[in-house]
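Let me begin by presenting the structure, written as structure tokens, before commenting on it.
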Amino acid sequence: MVLKEILQENAEYYLQQKRKLVGALLLTPPGSLCRRFPQRGGYWYLRQYAGGNARREHYLGPDDSPLVESLRQKCGSRPRLLGELAEARGALALLGHKEEASMKEDLNPALAQLIKALDEQGLWELGLELVGSWCFKVYQNYCGVEFYPFRTLDVDLAVRLPYRGEKKDIGGLLKSLGFEERFNAANGSISYSNGEIMVEFLRARKGSGARKERPQIPELGLAPVAVPYLDLILHNPLTLSIKGVGKVTVPHPAAFFFHKLLVAAVRRESAKQKKDFRQTAAVAKALAMDEAMLAKARELYGQMPKSWRKRISGSLSKGRELLGEAMNPAQELWDVLAR
């Protein structure tokens, strides 16, 4: 028994080390810096391997760009970080910890069962999305977003409307899984609890929300809460496969980044604001290092109303007040998109 506890403690230590190193590597892109056009003052690019004999270059900025100096230091530390990460993974292998297990760590068993049941009903394809903090956990495990701990009992599922599929009784499905209905008299919504997690359904709010809409969706047996800006993530989904569980649809990380900043701008609770900002900073690092995800962020930025851009700029200012330098990745990504 004592030996088992020692092995578990060692595994937890190396898991934490691995998370920290993966997070640091997300800030340390592969490749080398090169300087071009010295006759025009000098401009820096990040040169990366693109398969076969191909290379690609990403523009960083002029000689005096803070980003260039920052990346110069980070690229120099990459070999050391990779070596330490290999040591941590080797130690975990010796302790019998499987990589697959760490990919699914902290995924609540009740939530895993719910994801599987919704997948079997084909509801992810019909417009359902896992959003909120559990969506962020999926990003950490499958989209290269760095780890930082969080604990929440709330599971948010968004519904894209109008619903186009066949009739499905989602409320009845949750009851069959042991969830109990909870009616909210204030807004007419219904949530579900099984004693471990609380499941709430959301839909996009139209306009200012001043005009009351009927919350019920008879075709799905649901009464979701109307929230602002939700169309942004519902119309930009990403479907992933969780081994041993099933498919799950989440917002595209680029849409999640913008949505969290828009929501944080209207938050009243400082603690929730800080969580939103920390998540946007973590997702920003992954977006900046992935060419396809960055292209999606540029596309969404180009489609964004000017009023939203203004609101996000104000939200980023608030984030810097609350988190200081920890907010830099989100601000730097926004500056790149705004060029």
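Ordered as shown in the structure tokens, chains take letters A, B, and onward, while each chain numbers its residues from 1 and ligands are numbered from 1 in the order shown.
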If you run DSSP on this backbone, which residues of range 9-250 of chain A come out as alpha helix (DSSP H), and could you give them as number ranges by chain?
A: 9-26, 66-94, 99-103, 109-120, 133-142, 170-176, 230-234
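Taking CA of Gly76 in chain A and CA of Cys34 in chain A as endpoints, the distance between them is 13.6 Å.
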Backbone DSSP call of strand (DSSP E) for range 49-98 of chain A, listed as a list in words:
Tyr49, Arg55, Arg56, Glu57, His58, Tyr59, Leu60, Gly61 and Pro62 of chain A
Please produce a file of the residues just selected, as a PDB file, in the first residue's frame, where the atoms kept are N, CA and C atoms.
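As written to disk, out_11.pdb reads:
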```pdb
ATOM      1  N   TYR A  49      10.216  23.984 -40.739  1.00  0.00           N
ATOM      2  CA  TYR A  49      10.152  22.838 -41.642  1.00  0.00           C
ATOM      3  C   TYR A  49       8.707  22.624 -42.077  1.00  0.00           C
ATOM      4  N   ARG A  55      10.387  24.554 -46.799  1.00  0.00           N
ATOM      5  CA  ARG A  55      10.446  25.388 -45.607  1.00  0.00           C
ATOM      6  C   ARG A  55       9.411  26.501 -45.754  1.00  0.00           C
ATOM      7  N   ARG A  56       8.899  26.993 -44.642  1.00  0.00           N
ATOM      8  CA  ARG A  56       8.004  28.137 -44.703  1.00  0.00           C
ATOM      9  C   ARG A  56       8.498  29.188 -43.725  1.00  0.00           C
ATOM     10  N   GLU A  57       8.187  30.442 -44.011  1.00  0.00           N
ATOM     11  CA  GLU A  57       8.651  31.540 -43.172  1.00  0.00           C
ATOM     12  C   GLU A  57       7.463  32.391 -42.735  1.00  0.00           C
ATOM     13  N   HIS A  58       7.447  32.752 -41.430  1.00  0.00           N
ATOM     14  CA  HIS A  58       6.398  33.590 -40.867  1.00  0.00           C
ATOM     15  C   HIS A  58       7.010  34.942 -40.484  1.00  0.00           C
ATOM     16  N   TYR A  59       6.408  36.010 -40.967  1.00  0.00           N
ATOM     17  CA  TYR A  59       6.915  37.342 -40.653  1.00  0.00           C
ATOM     18  C   TYR A  59       6.720  37.651 -39.176  1.00  0.00           C
ATOM     19  N   LEU A  60       7.753  38.197 -38.528  1.00  0.00           N
ATOM     20  CA  LEU A  60       7.703  38.535 -37.111  1.00  0.00           C
ATOM     21  C   LEU A  60       7.703  40.034 -36.858  1.00  0.00           C
ATOM     22  N   GLY A  61       8.548  40.765 -37.597  1.00  0.00           N
ATOM     23  CA  GLY A  61       8.603  42.202 -37.374  1.00  0.00           C
ATOM     24  C   GLY A  61       9.983  42.764 -37.638  1.00  0.00           C
ATOM     25  N   PRO A  62      10.158  44.080 -37.454  1.00  0.00           N
ATOM     26  CA  PRO A  62      11.461  44.731 -37.681  1.00  0.00           C
ATOM     27  C   PRO A  62      12.437  44.441 -36.538  1.00  0.00           C
TER      28      PRO A  62
END
```
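Distance check against Leu126 in chain A using only C-alpha atoms: of A:Leu240, A:Val248, A:Leu153, A:Val225, the minimum falls on A:Val248.
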Between A:Ile233, A:Glu12, A:Gly244, A:Arg36, which residue has the minimum interatomic distance to Ala112 in chain A, considering only C-alpha atoms?
A:Gly244
